[in-house]
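Participant: target01.txt (compact mmCIF, C-alpha atoms (C1' of nucleotides)) pasted underneath:
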# COMPACT_ATOMS: atom_id res chain seq x y z
CA MET A 1 -8.56 -0.27 -61.05
CA SER A 2 -11.18 2.46 -61.10
CA SER A 3 -11.48 5.24 -58.58
CA GLN A 4 -14.23 7.32 -57.06
CA TYR A 5 -12.17 10.44 -57.78
CA THR A 6 -12.39 12.38 -61.00
CA PHE A 7 -10.35 15.51 -60.41
CA THR A 8 -10.23 17.85 -63.38
CA GLY A 9 -9.37 21.44 -64.18
CA GLN A 10 -6.47 23.80 -63.67
CA TYR A 11 -5.96 26.41 -60.98
CA SER A 12 -3.37 29.12 -60.35
CA PHE A 13 -2.15 29.86 -56.86
CA ASN A 14 0.75 31.21 -54.91
CA ILE A 15 2.63 29.29 -52.28
CA ASP A 16 2.89 31.60 -49.24
CA SER A 17 5.82 32.56 -47.04
CA LYS A 18 5.20 29.57 -44.79
CA ASN A 19 5.16 27.14 -47.71
CA ARG A 20 1.43 26.71 -47.46
CA ILE A 21 -0.58 25.71 -50.52
CA ASN A 22 -4.28 26.08 -50.92
CA ILE A 23 -6.11 23.10 -52.34
CA PRO A 24 -8.60 24.62 -54.82
CA ALA A 25 -12.11 24.52 -53.39
CA PRO A 26 -13.63 22.57 -56.32
CA LEU A 27 -11.11 19.78 -55.80
CA ARG A 28 -11.37 19.89 -52.04
CA LYS A 29 -15.10 19.42 -52.25
CA GLN A 30 -14.59 16.04 -53.86
CA PHE A 31 -12.80 14.71 -50.81
CA SER A 32 -15.09 12.21 -49.10
CA ASN A 33 -15.82 12.35 -45.39
CA LYS A 34 -13.84 9.16 -45.04
CA ASP A 35 -10.72 11.02 -46.06
CA LYS A 36 -11.07 13.40 -43.12
CA LYS A 37 -9.12 16.09 -44.92
CA THR A 38 -6.20 13.69 -45.09
CA PHE A 39 -4.11 12.94 -48.12
CA VAL A 40 -0.65 11.90 -49.28
CA VAL A 41 1.75 14.19 -51.14
CA THR A 42 4.61 12.51 -52.89
CA ARG A 43 6.94 12.81 -55.84
CA GLY A 44 5.27 12.71 -59.20
CA ILE A 45 6.96 10.89 -62.05
CA ASP A 46 7.64 14.20 -63.79
CA SER A 47 8.95 17.13 -61.76
CA CYS A 48 5.79 17.83 -59.87
CA ALA A 49 4.15 16.72 -56.65
CA TRP A 50 1.23 14.30 -56.56
CA ILE A 51 -1.63 14.39 -54.11
CA TYR A 52 -3.81 11.36 -53.40
CA PRO A 53 -6.77 11.46 -51.02
CA ILE A 54 -5.90 9.04 -48.24
CA THR A 55 -8.55 6.48 -49.20
CA GLU A 56 -7.10 6.44 -52.68
CA TRP A 57 -3.55 6.12 -51.36
CA LYS A 58 -4.53 3.16 -49.22
CA LYS A 59 -5.44 1.25 -52.35
CA ILE A 60 -1.96 1.81 -53.68
CA GLN A 61 -0.49 0.94 -50.35
CA SER A 62 -2.23 -2.38 -50.11
CA GLU A 63 -0.69 -3.28 -53.43
CA LEU A 64 2.73 -2.30 -52.18
CA GLN A 65 2.24 -4.49 -49.14
CA GLN A 66 2.23 -7.52 -51.38
CA LEU A 67 5.87 -6.97 -52.29
CA SER A 68 8.43 -8.90 -50.29
CA SER A 69 11.52 -7.10 -49.04
CA LEU A 70 13.61 -10.15 -49.80
CA SER A 71 13.79 -9.00 -53.41
CA LYS A 72 16.27 -6.25 -54.08
CA THR A 73 14.18 -4.64 -56.78
CA ASN A 74 11.28 -4.54 -54.40
CA ARG A 75 13.32 -3.00 -51.61
CA ILE A 76 14.62 -0.19 -53.74
CA PHE A 77 11.25 0.41 -55.30
CA LEU A 78 9.47 0.49 -51.95
CA ARG A 79 12.04 2.74 -50.32
CA ASN A 80 12.05 5.25 -53.06
CA HIS A 81 8.31 5.42 -53.29
CA LEU A 82 7.49 5.45 -49.64
CA ARG A 83 10.19 7.76 -48.36
CA HIS A 84 8.78 10.68 -50.25
CA ALA A 85 5.19 10.00 -49.29
CA ASN A 86 3.97 12.40 -46.61
CA ILE A 87 0.64 11.91 -44.92
CA LEU A 88 -0.84 15.35 -44.29
CA LYS A 89 -4.07 17.14 -43.46
CA TYR A 90 -5.29 20.42 -44.81
CA ASP A 91 -6.28 23.06 -42.26
CA SER A 92 -9.62 24.75 -41.72
CA GLN A 93 -8.82 27.11 -44.58
CA GLY A 94 -8.02 24.22 -46.92
CA ARG A 95 -4.25 24.65 -46.87
CA PHE A 96 -1.30 22.41 -46.08
CA VAL A 97 2.44 22.99 -45.93
CA LEU A 98 4.39 21.39 -48.72
CA PRO A 99 7.49 19.61 -47.34
CA GLN A 100 10.80 21.16 -48.25
CA SER A 101 12.01 18.06 -50.09
CA LEU A 102 9.09 18.26 -52.49
CA ILE A 103 9.51 21.99 -53.00
CA GLU A 104 13.00 21.24 -54.18
CA TYR A 105 12.04 18.23 -56.25
CA ALA A 106 9.30 20.10 -58.09
CA SER A 107 11.29 23.37 -58.27
CA ILE A 108 8.41 25.18 -56.63
CA LYS A 109 8.87 28.94 -56.51
CA LYS A 110 6.00 31.34 -55.92
CA ASP A 111 3.63 30.74 -58.81
CA ILE A 112 2.15 27.28 -58.85
CA THR A 113 -0.40 25.54 -61.02
CA ILE A 114 -2.62 22.85 -59.63
CA ILE A 115 -4.13 20.32 -62.01
CA GLY A 116 -6.76 17.68 -61.43
CA VAL A 117 -5.82 14.37 -63.11
CA LEU A 118 -8.58 11.87 -62.25
CA ASN A 119 -7.49 10.06 -59.10
CA LYS A 120 -4.68 12.47 -58.26
CA ILE A 121 -3.88 16.17 -58.11
CA GLU A 122 -0.65 17.57 -59.52
CA ILE A 123 1.26 20.59 -58.24
CA TRP A 124 3.54 22.34 -60.68
CA ASN A 125 5.85 25.29 -60.94
CA THR A 126 3.76 27.32 -63.37
CA LYS A 127 6.68 28.35 -65.52
CA LEU A 128 8.08 24.84 -65.68
CA LEU A 129 4.74 23.39 -66.68
CA ASN A 130 4.36 25.83 -69.53
CA GLU A 131 7.82 25.04 -70.83
CA ILE A 132 7.21 21.31 -70.71
CA ASP A 133 3.88 21.79 -72.35
CA LYS A 134 5.61 23.25 -75.39
CA SER A 135 8.56 20.90 -75.63
CA ASP A 136 7.05 17.62 -74.55
CA ASN A 137 5.69 16.40 -77.83
CA VAL A 138 4.74 12.81 -77.32
CA ASN A 139 5.29 11.13 -80.64
CA ASP A 140 2.33 9.83 -82.54
CA GLN A 141 3.45 6.27 -82.14
CA SER A 142 3.02 6.29 -78.38
CA TYR A 143 -0.45 7.67 -78.79
CA ASP A 144 -1.19 4.86 -81.18
CA GLN A 145 -0.17 2.38 -78.54
CA LEU A 146 -2.31 4.14 -76.01
CA SER A 147 -5.27 4.07 -78.34
CA GLU A 148 -5.36 0.31 -78.06
CA ARG A 149 -6.09 0.61 -74.37
CA VAL A 150 -7.95 3.87 -73.95
CA ASN A 151 -10.98 4.84 -75.92
CA ILE A 152 -11.47 8.60 -75.82
CA MET B 153 0.65 -10.70 -45.25
CA SER B 154 -0.71 -7.25 -44.59
CA SER B 155 0.16 -5.27 -41.52
CA GLN B 156 -1.49 -2.65 -39.39
CA TYR B 157 1.62 -0.53 -39.82
CA THR B 158 2.03 1.75 -42.78
CA PHE B 159 5.08 3.83 -42.03
CA THR B 160 5.99 6.37 -44.69
CA GLY B 161 8.07 9.50 -45.09
CA GLN B 162 11.65 10.52 -44.55
CA TYR B 163 13.15 12.31 -41.59
CA SER B 164 16.57 13.79 -40.88
CA PHE B 165 18.10 13.55 -37.43
CA ASN B 166 21.34 13.52 -35.58
CA ILE B 167 22.44 10.69 -33.37
CA ASP B 168 23.56 12.37 -30.11
CA SER B 169 26.67 12.00 -28.01
CA LYS B 170 25.06 9.17 -26.07
CA ASN B 171 24.15 7.26 -29.26
CA ARG B 172 20.52 8.10 -28.81
CA ILE B 173 18.19 8.25 -31.81
CA ASN B 174 14.86 9.97 -31.87
CA ILE B 175 12.03 8.05 -33.49
CA PRO B 176 10.20 10.69 -35.53
CA ALA B 177 6.93 11.65 -33.85
CA PRO B 178 4.73 10.84 -36.86
CA LEU B 179 6.04 7.29 -36.89
CA ARG B 180 5.95 6.94 -33.12
CA LYS B 181 2.30 7.89 -33.10
CA GLN B 182 1.48 4.81 -35.11
CA PHE B 183 2.75 2.49 -32.40
CA SER B 184 -0.21 0.77 -30.81
CA ASN B 185 -0.70 0.58 -27.05
CA LYS B 186 -0.03 -3.12 -27.27
CA ASP B 187 3.53 -2.39 -28.32
CA LYS B 188 4.17 -0.48 -25.09
CA LYS B 189 6.91 1.56 -26.71
CA THR B 190 8.72 -1.69 -27.43
CA PHE B 191 10.29 -2.66 -30.70
CA VAL B 192 13.03 -4.70 -32.29
CA VAL B 193 16.07 -3.24 -34.01
CA THR B 194 18.05 -5.53 -36.20
CA ARG B 195 20.22 -5.65 -39.27
CA GLY B 196 18.54 -4.58 -42.44
CA ILE B 197 19.27 -6.47 -45.63
CA ASP B 198 21.04 -3.40 -47.04
CA SER B 199 23.45 -1.48 -44.83
CA CYS B 200 20.88 0.01 -42.55
CA ALA B 201 19.08 -0.89 -39.35
CA TRP B 202 15.48 -2.08 -39.32
CA ILE B 203 12.94 -1.33 -36.63
CA TYR B 204 9.79 -3.38 -36.14
CA PRO B 205 7.17 -2.63 -33.48
CA ILE B 206 7.17 -5.64 -31.19
CA THR B 207 3.72 -6.86 -32.25
CA GLU B 208 4.86 -6.78 -35.85
CA TRP B 209 8.07 -8.56 -35.03
CA LYS B 210 6.16 -11.39 -33.42
CA LYS B 211 4.27 -11.97 -36.64
CA ILE B 212 7.50 -12.11 -38.57
CA GLN B 213 8.97 -14.47 -36.06
CA SER B 214 6.15 -16.93 -36.50
CA GLU B 215 6.71 -16.81 -40.24
CA LEU B 216 10.39 -17.43 -39.77
CA GLN B 217 9.55 -20.50 -37.75
CA GLN B 218 8.05 -22.00 -40.89
CA LEU B 219 11.40 -21.94 -42.66
CA SER B 220 13.26 -25.21 -42.65
CA SER B 221 16.86 -25.12 -41.47
CA LEU B 222 17.70 -27.80 -44.00
CA SER B 223 18.12 -25.05 -46.59
CA LYS B 224 21.42 -23.21 -46.42
CA THR B 225 19.83 -19.95 -47.56
CA ASN B 226 17.32 -20.27 -44.79
CA ARG B 227 19.94 -20.97 -42.18
CA ILE B 228 22.00 -17.94 -43.12
CA PHE B 229 18.99 -15.71 -43.32
CA LEU B 230 17.65 -16.83 -39.97
CA ARG B 231 21.00 -16.43 -38.26
CA ASN B 232 21.58 -12.92 -39.52
CA HIS B 233 18.15 -11.78 -38.65
CA LEU B 234 17.82 -13.30 -35.25
CA ARG B 235 21.27 -12.91 -33.75
CA HIS B 236 21.25 -9.16 -34.22
CA ALA B 237 17.72 -8.57 -33.06
CA ASN B 238 17.60 -6.35 -29.96
CA ILE B 239 14.39 -5.81 -28.06
CA LEU B 240 14.34 -2.18 -26.88
CA LYS B 241 12.04 0.53 -25.58
CA TYR B 242 12.06 4.20 -26.40
CA ASP B 243 12.14 6.67 -23.51
CA SER B 244 9.64 9.34 -22.55
CA GLN B 245 11.14 11.65 -25.17
CA GLY B 246 10.81 8.99 -27.87
CA ARG B 247 14.50 8.06 -28.03
CA PHE B 248 16.49 4.84 -27.71
CA VAL B 249 20.17 4.02 -27.82
CA LEU B 250 21.28 2.22 -30.93
CA PRO B 251 23.52 -0.74 -30.04
CA GLN B 252 27.15 -0.38 -31.04
CA SER B 253 27.07 -3.42 -33.33
CA LEU B 254 24.34 -1.84 -35.44
CA ILE B 255 26.08 1.52 -35.51
CA GLU B 256 29.01 -0.24 -37.07
CA TYR B 257 26.96 -2.39 -39.40
CA ALA B 258 25.04 0.60 -40.77
CA SER B 259 28.09 2.91 -40.72
CA ILE B 260 26.15 5.38 -38.61
CA LYS B 261 27.95 8.66 -38.08
CA LYS B 262 26.21 11.84 -36.97
CA ASP B 263 23.70 12.56 -39.72
CA ILE B 264 21.06 9.90 -40.04
CA THR B 265 17.99 9.54 -42.20
CA ILE B 266 14.97 7.62 -41.01
CA ILE B 267 12.56 6.20 -43.56
CA GLY B 268 9.15 4.63 -43.11
CA VAL B 269 8.76 1.52 -45.27
CA LEU B 270 5.30 0.15 -44.45
CA ASN B 271 5.75 -2.41 -41.69
CA LYS B 272 9.26 -1.35 -40.79
CA ILE B 273 11.40 1.72 -40.18
CA GLU B 274 14.87 2.05 -41.68
CA ILE B 275 17.78 3.94 -40.18
CA TRP B 276 20.48 5.10 -42.58
CA ASN B 277 23.69 7.02 -42.66
CA THR B 278 22.42 10.00 -44.65
CA LYS B 279 25.45 10.20 -46.89
CA LEU B 280 25.42 6.48 -47.59
CA LEU B 281 21.75 6.49 -48.49
CA ASN B 282 22.24 9.31 -50.95
CA GLU B 283 25.11 7.50 -52.60
CA ILE B 284 23.15 4.30 -52.93
CA ASP B 285 20.20 6.23 -54.22
CA LYS B 286 22.25 7.45 -57.12
CA SER B 287 24.19 4.31 -57.93
CA ASP B 288 21.55 1.69 -57.32
CA ASN B 289 19.87 1.84 -60.66
CA VAL B 290 17.46 -0.96 -60.85
CA ASN B 291 17.19 -1.64 -64.53
CA ASP B 292 14.02 -0.69 -66.28
CA GLN B 293 13.19 -4.25 -67.05
CA SER B 294 12.70 -5.16 -63.42
CA TYR B 295 10.44 -2.18 -62.97
CA ASP B 296 8.51 -3.20 -66.04
CA GLN B 297 7.93 -6.55 -64.46
CA LEU B 298 6.84 -4.81 -61.29
CA SER B 299 4.41 -2.68 -63.21
CA GLU B 300 2.45 -5.79 -64.08
CA ARG B 301 1.73 -6.29 -60.43
CA VAL B 302 1.57 -2.79 -58.99
CA ASN B 303 -0.60 -0.11 -60.44
CA ILE B 304 0.39 3.32 -59.21
C1' DT C 305 -27.53 46.66 -61.92
C1' DA C 306 -26.63 47.72 -57.35
C1' DA C 307 -26.44 45.96 -52.87
C1' DC C 308 -25.96 42.28 -50.07
C1' DA C 309 -24.53 37.70 -48.68
C1' DT C 310 -21.71 33.88 -48.97
C1' DA C 311 -17.73 31.52 -50.05
C1' DA C 312 -12.81 31.43 -51.18
C1' DG C 313 -8.25 32.92 -50.65
C1' DT C 314 -4.50 35.20 -47.90
C1' DG C 315 -1.85 36.74 -44.00
C1' DG C 316 -0.47 36.70 -39.33
C1' DT C 317 -0.50 35.35 -34.20
C1' DT C 318 -0.73 32.19 -30.61
C1' DA C 319 -0.49 27.78 -28.48
C1' DA C 320 1.06 23.15 -28.51
C1' DT C 321 4.32 19.73 -29.67
C1' DA C 322 8.63 17.91 -31.16
C1' DG C 323 13.51 17.85 -30.90
C1' DT C 324 17.66 18.45 -28.34
C1' DG C 325 20.82 18.79 -24.57
C1' DG C 326 22.15 17.96 -20.11
C1' DG C 327 21.96 16.29 -15.35
C1' DT C 328 20.89 12.92 -11.66
C1' DT C 329 20.33 8.54 -9.91
C1' DA C 330 20.66 3.72 -10.17
C1' DA C 331 23.02 -0.27 -11.74
C1' DA C 332 26.97 -2.68 -13.22
C1' DA C 333 31.61 -3.68 -13.76
C1' DT C 334 36.41 -3.42 -12.49
C1' DA D 335 35.21 1.15 -3.25
C1' DT D 336 35.68 3.51 -7.39
C1' DT D 337 34.74 4.14 -11.97
C1' DT D 338 31.93 3.49 -15.82
C1' DT D 339 27.66 2.77 -18.07
C1' DA D 340 22.97 3.01 -18.77
C1' DA D 341 18.22 4.46 -17.63
C1' DC D 342 15.37 8.11 -16.27
C1' DC D 343 13.96 12.73 -15.69
C1' DC D 344 13.86 17.79 -16.33
C1' DA D 345 14.29 21.99 -19.02
C1' DC D 346 15.11 24.86 -23.01
C1' DT D 347 14.47 25.96 -27.93
C1' DA D 348 12.70 25.59 -32.40
C1' DT D 349 9.33 24.12 -35.23
C1' DT D 350 4.73 23.01 -36.40
C1' DA D 351 -0.09 23.12 -36.18
C1' DA D 352 -4.36 25.42 -34.86
C1' DC D 353 -6.77 29.55 -34.71
C1' DC D 354 -8.44 34.23 -35.82
C1' DA D 355 -9.16 38.04 -38.83
C1' DC D 356 -9.15 40.40 -43.07
C1' DT D 357 -9.55 40.80 -48.20
C1' DT D 358 -11.06 39.43 -52.53
C1' DA D 359 -14.08 37.04 -55.49
C1' DT D 360 -18.45 35.03 -56.68
C1' DG D 361 -23.15 34.67 -56.77
C1' DT D 362 -27.95 35.97 -55.55
C1' DT D 363 -31.80 38.82 -54.95
C1' DA D 364 -34.29 43.01 -54.86
With the file now loaded, output its structure as structure tokens.
Facilitator:
Amino acid sequence: MSSQYTFTGQYSFNIDSKNRINIPAPLRKQFSNKDKKTFVVTRGIDSCAWIYPITEWKKIQSELQQLSSLSKTNRIFLRNHLRHANILKYDSQGRFVLPQSLIEYASIKKDITIIGVLNKIEIWNTKLLNEIDKSDNVNDQSYDQLSERVNI
Amino acid sequence: MSSQYTFTGQYSFNIDSKNRINIPAPLRKQFSNKDKKTFVVTRGIDSCAWIYPITEWKKIQSELQQLSSLSKTNRIFLRNHLRHANILKYDSQGRFVLPQSLIEYASIKKDITIIGVLNKIEIWNTKLLNEIDKSDNVNDQSYDQLSERVNI
DNA sequence: TAACATAAGTGGTTAATAGTGGGTTAAAAT
DNA sequence: ATTTTAACCCACTATTAACCACTTATGTTA
């Protein structure tokens, strides 16, 4: 599934006393009019928060709608993915308030790093990201597997 | 079957001394005029209560009518879903009183957590949900199977 | 390269809404 | 008739969202 969004780059910001985070202007500019400044923040798979523009999120959502709640696996999966998904808008200054639950999940303190990763934006505790960056050596074998699918 | 409803997010509330529960404003706002503040609360498949906006419930009902009562599974499923279904309205403050039978079924005490799960809303005993969240490890294999269908 | 102009980021205040509690009236049951 | 229960309404408080203003950075033009 390909996306219209190709977020890239890395930006340093502070979260303010009201838990507001500024979406970097270069990323914000990519939001289409259709999105109407609306997006979904949710738990990332690593300890960070993920942002999807709402039109992008709806694609994911329509896939989730195919899953029947009669299956236990599906129920748990749906619950755990949807309960942390917050639909938000950024204000006229390009900011939004990050929900408390995600602040805790991503260990957000003051210094944050925002990264563009194609169809999503990641929000990290700067310190945490740097530590992971050093320690998280993906072994060569997994890259080999990847190479069969992705041609860089 | 896709739905017009796409409830998401998680909200913490208290049930009050009159057994009233507040439907979180963000979820309430999604109710269409057609629903006229009316919805169905019933037993969830796990120990929680499920809320469907009335227009959504009617769709489900017509699907349930397709199920033959010759199957035992069907009979049990139909019984449990239909006998506990209460048609209710929320008041001008957005609250409704949760029937005693569902309070017992979902072990509702004071602290409750409300979760949006696409076409339905779940009401949980906060403590219970957290416990299940930890213990209910769906094995990786089932998620692997899921991954073939859902691309997040 | 200096001055200006524009855009981006930051902080705070105000206004609106959501959540909560309680009270009153109407209905129901004993 | 009295008590209990439920629906409806009103009011207070806390939280959230919208708005305004200032500062810093970037970029453009003389």
Participant: Hey, could you lay chain B over chain A with a least-squares C-alpha fit (all atoms, paired in order) and save it as a tab-separated table (two decimals) with C-alpha atoms, keeping the file's coordinate frame?
Facilitator:
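New file superposed_14.tsv:
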chain	number	residue	atom	x	y	z
B	153	MET	CA	-8.30	-0.61	-60.06
B	154	SER	CA	-10.90	2.11	-60.27
B	155	SER	CA	-11.21	4.84	-57.72
B	156	GLN	CA	-13.96	6.99	-56.32
B	157	TYR	CA	-11.82	10.01	-57.11
B	158	THR	CA	-11.90	11.63	-60.50
B	159	PHE	CA	-9.95	14.83	-60.13
B	160	THR	CA	-9.71	16.94	-63.27
B	161	GLY	CA	-8.89	20.48	-64.31
B	162	GLN	CA	-6.03	22.89	-63.88
B	163	TYR	CA	-5.67	25.67	-61.36
B	164	SER	CA	-3.15	28.46	-60.88
B	165	PHE	CA	-2.08	29.53	-57.41
B	166	ASN	CA	0.68	31.12	-55.48
B	167	ILE	CA	2.46	29.43	-52.63
B	168	ASP	CA	2.47	32.03	-49.81
B	169	SER	CA	5.21	33.31	-47.56
B	170	LYS	CA	4.52	30.53	-45.08
B	171	ASN	CA	4.78	27.82	-47.77
B	172	ARG	CA	1.07	27.27	-47.67
B	173	ILE	CA	-0.76	25.91	-50.71
B	174	ASN	CA	-4.45	26.16	-51.30
B	175	ILE	CA	-6.16	23.02	-52.54
B	176	PRO	CA	-8.55	24.29	-55.21
B	177	ALA	CA	-12.13	24.23	-53.93
B	178	PRO	CA	-13.49	22.05	-56.75
B	179	LEU	CA	-10.97	19.35	-55.90
B	180	ARG	CA	-11.40	19.75	-52.16
B	181	LYS	CA	-15.12	19.20	-52.51
B	182	GLN	CA	-14.49	15.71	-53.78
B	183	PHE	CA	-12.81	14.65	-50.55
B	184	SER	CA	-15.11	12.28	-48.73
B	185	ASN	CA	-15.96	12.67	-45.05
B	186	LYS	CA	-13.96	9.55	-44.37
B	187	ASP	CA	-10.81	11.37	-45.42
B	188	LYS	CA	-11.33	13.99	-42.70
B	189	LYS	CA	-9.34	16.56	-44.65
B	190	THR	CA	-6.39	14.18	-44.52
B	191	PHE	CA	-4.18	13.26	-47.41
B	192	VAL	CA	-0.71	12.16	-48.37
B	193	VAL	CA	1.77	14.30	-50.26
B	194	THR	CA	4.71	12.56	-51.78
B	195	ARG	CA	7.14	12.68	-54.65
B	196	GLY	CA	5.60	12.36	-58.05
B	197	ILE	CA	7.36	10.30	-60.68
B	198	ASP	CA	8.04	13.47	-62.69
B	199	SER	CA	9.28	16.57	-60.90
B	200	CYS	CA	6.08	17.38	-59.13
B	201	ALA	CA	4.35	16.51	-55.88
B	202	TRP	CA	1.47	14.06	-55.72
B	203	ILE	CA	-1.49	14.29	-53.38
B	204	TYR	CA	-3.70	11.33	-52.55
B	205	PRO	CA	-6.72	11.53	-50.24
B	206	ILE	CA	-5.91	9.27	-47.32
B	207	THR	CA	-8.51	6.63	-48.20
B	208	GLU	CA	-7.03	6.43	-51.67
B	209	TRP	CA	-3.52	6.22	-50.33
B	210	LYS	CA	-4.45	3.26	-48.19
B	211	LYS	CA	-5.58	1.36	-51.25
B	212	ILE	CA	-2.31	2.10	-52.97
B	213	GLN	CA	-0.40	1.04	-49.92
B	214	SER	CA	-2.04	-2.35	-49.89
B	215	GLU	CA	-1.10	-2.78	-53.53
B	216	LEU	CA	2.46	-1.82	-52.79
B	217	GLN	CA	2.56	-4.51	-50.14
B	218	GLN	CA	2.12	-7.06	-52.90
B	219	LEU	CA	5.40	-6.07	-54.51
B	220	SER	CA	8.32	-8.30	-53.66
B	221	SER	CA	11.45	-6.60	-52.40
B	222	LEU	CA	13.53	-9.19	-54.20
B	223	SER	CA	13.23	-7.07	-57.34
B	224	LYS	CA	15.58	-4.11	-57.47
B	225	THR	CA	13.06	-2.01	-59.40
B	226	ASN	CA	10.52	-2.71	-56.73
B	227	ARG	CA	12.86	-1.81	-53.93
B	228	ILE	CA	13.77	1.52	-55.47
B	229	PHE	CA	10.20	2.33	-56.30
B	230	LEU	CA	8.96	1.48	-52.83
B	231	ARG	CA	11.68	3.47	-51.13
B	232	ASN	CA	11.09	6.60	-53.15
B	233	HIS	CA	7.40	6.48	-52.71
B	234	LEU	CA	7.23	5.67	-49.06
B	235	ARG	CA	10.08	7.65	-47.56
B	236	HIS	CA	8.75	10.92	-48.89
B	237	ALA	CA	5.13	10.33	-48.04
B	238	ASN	CA	3.82	12.90	-45.54
B	239	ILE	CA	0.42	12.53	-43.95
B	240	LEU	CA	-1.10	16.02	-43.65
B	241	LYS	CA	-4.38	17.83	-43.11
B	242	TYR	CA	-5.60	20.98	-44.75
B	243	ASP	CA	-6.80	23.81	-42.52
B	244	SER	CA	-10.20	25.45	-42.30
B	245	GLN	CA	-9.34	27.58	-45.33
B	246	GLY	CA	-8.33	24.52	-47.35
B	247	ARG	CA	-4.56	25.07	-47.14
B	248	PHE	CA	-1.59	23.00	-46.00
B	249	VAL	CA	2.12	23.66	-45.77
B	250	LEU	CA	4.19	21.84	-48.33
B	251	PRO	CA	7.23	20.22	-46.69
B	252	GLN	CA	10.57	21.74	-47.61
B	253	SER	CA	11.90	18.51	-49.13
B	254	LEU	CA	9.06	18.46	-51.65
B	255	ILE	CA	9.44	22.15	-52.43
B	256	GLU	CA	12.99	21.38	-53.42
B	257	TYR	CA	12.18	18.19	-55.27
B	258	ALA	CA	9.48	19.87	-57.37
B	259	SER	CA	11.44	23.13	-57.74
B	260	ILE	CA	8.48	25.03	-56.34
B	261	LYS	CA	8.87	28.79	-56.52
B	262	LYS	CA	5.96	31.20	-56.25
B	263	ASP	CA	3.73	30.33	-59.18
B	264	ILE	CA	2.31	26.86	-58.98
B	265	THR	CA	-0.12	24.92	-61.12
B	266	ILE	CA	-2.35	22.26	-59.63
B	267	ILE	CA	-3.73	19.54	-61.88
B	268	GLY	CA	-6.35	16.91	-61.21
B	269	VAL	CA	-5.30	13.52	-62.60
B	270	LEU	CA	-8.09	11.12	-61.62
B	271	ASN	CA	-7.09	9.54	-58.33
B	272	LYS	CA	-4.35	12.03	-57.56
B	273	ILE	CA	-3.58	15.74	-57.60
B	274	GLU	CA	-0.31	17.07	-58.99
B	275	ILE	CA	1.49	20.20	-57.86
B	276	TRP	CA	3.85	21.80	-60.36
B	277	ASN	CA	6.12	24.75	-60.75
B	278	THR	CA	4.10	26.55	-63.43
B	279	LYS	CA	7.10	27.45	-65.53
B	280	LEU	CA	8.53	23.95	-65.35
B	281	LEU	CA	5.25	22.36	-66.37
B	282	ASN	CA	4.98	24.60	-69.40
B	283	GLU	CA	8.50	23.74	-70.47
B	284	ILE	CA	7.90	20.04	-70.12
B	285	ASP	CA	4.64	20.38	-71.94
B	286	LYS	CA	6.44	21.69	-74.96
B	287	SER	CA	9.48	19.45	-74.94
B	288	ASP	CA	7.93	16.20	-73.85
B	289	ASN	CA	6.75	15.02	-77.19
B	290	VAL	CA	5.58	11.53	-76.82
B	291	ASN	CA	6.04	10.07	-80.25
B	292	ASP	CA	2.98	9.36	-82.30
B	293	GLN	CA	3.62	5.68	-82.25
B	294	SER	CA	3.05	5.40	-78.53
B	295	TYR	CA	-0.18	7.30	-78.87
B	296	ASP	CA	-1.21	5.02	-81.70
B	297	GLN	CA	-0.71	2.10	-79.41
B	298	LEU	CA	-2.75	3.88	-76.77
B	299	SER	CA	-5.53	4.48	-79.23
B	300	GLU	CA	-6.09	0.75	-79.43
B	301	ARG	CA	-7.03	0.75	-75.79
B	302	VAL	CA	-8.64	4.13	-75.21
B	303	ASN	CA	-11.44	5.42	-77.33
B	304	ILE	CA	-11.94	9.13	-76.90
Participant: With 12 Å as the cut-off and all atoms listed in the file counted, what is the closest atom pair between each nearby residue of chain A and chain D? Distances in Å to one decimal, ordered by chain and number, as JSON lines.
Facilitator:
{"residue": "A:Lys18", "atom": "CA", "partner": "D:DT350", "partner_atom": "C1'", "distance": 10.7}
{"residue": "A:Arg20", "atom": "CA", "partner": "D:DA351", "partner_atom": "C1'", "distance": 11.9}
{"residue": "A:Leu88", "atom": "CA", "partner": "D:DA351", "partner_atom": "C1'", "distance": 11.3}
{"residue": "A:Lys89", "atom": "CA", "partner": "D:DA351", "partner_atom": "C1'", "distance": 10.2}
{"residue": "A:Tyr90", "atom": "CA", "partner": "D:DA351", "partner_atom": "C1'", "distance": 10.4}
{"residue": "A:Asp91", "atom": "CA", "partner": "D:DA352", "partner_atom": "C1'", "distance": 8.0}
{"residue": "A:Ser92", "atom": "CA", "partner": "D:DA352", "partner_atom": "C1'", "distance": 8.7}
{"residue": "A:Gln93", "atom": "CA", "partner": "D:DC353", "partner_atom": "C1'", "distance": 10.4}
{"residue": "A:Arg95", "atom": "CA", "partner": "D:DA351", "partner_atom": "C1'", "distance": 11.6}
{"residue": "A:Phe96", "atom": "CA", "partner": "D:DA351", "partner_atom": "C1'", "distance": 10.0}
{"residue": "A:Val97", "atom": "CA", "partner": "D:DT350", "partner_atom": "C1'", "distance": 9.8}
{"residue": "A:Pro99", "atom": "CA", "partner": "D:DT350", "partner_atom": "C1'", "distance": 11.8}
Participant: Output as a PDB file with C-alpha atoms, in the coordinates of the input the set of chain B residues within 7 Å of chain A, with distances taken over all atoms listed in the file.
Facilitator:
ATOM      1  CA  SER B 154      -0.710  -7.250 -44.590  1.00  0.00           C
ATOM      2  CA  THR B 160       5.990   6.370 -44.690  1.00  0.00           C
ATOM      3  CA  GLY B 161       8.070   9.500 -45.090  1.00  0.00           C
ATOM      4  CA  GLN B 162      11.650  10.520 -44.550  1.00  0.00           C
ATOM      5  CA  ILE B 267      12.560   6.200 -43.560  1.00  0.00           C
ATOM      6  CA  GLY B 268       9.150   4.630 -43.110  1.00  0.00           C
ATOM      7  CA  VAL B 269       8.760   1.520 -45.270  1.00  0.00           C
ATOM      8  CA  VAL B 290      17.460  -0.960 -60.850  1.00  0.00           C
ATOM      9  CA  SER B 294      12.700  -5.160 -63.420  1.00  0.00           C
ATOM     10  CA  VAL B 302       1.570  -2.790 -58.990  1.00  0.00           C
ATOM     11  CA  ILE B 304       0.390   3.320 -59.210  1.00  0.00           C
TER      12      ILE B 304
END
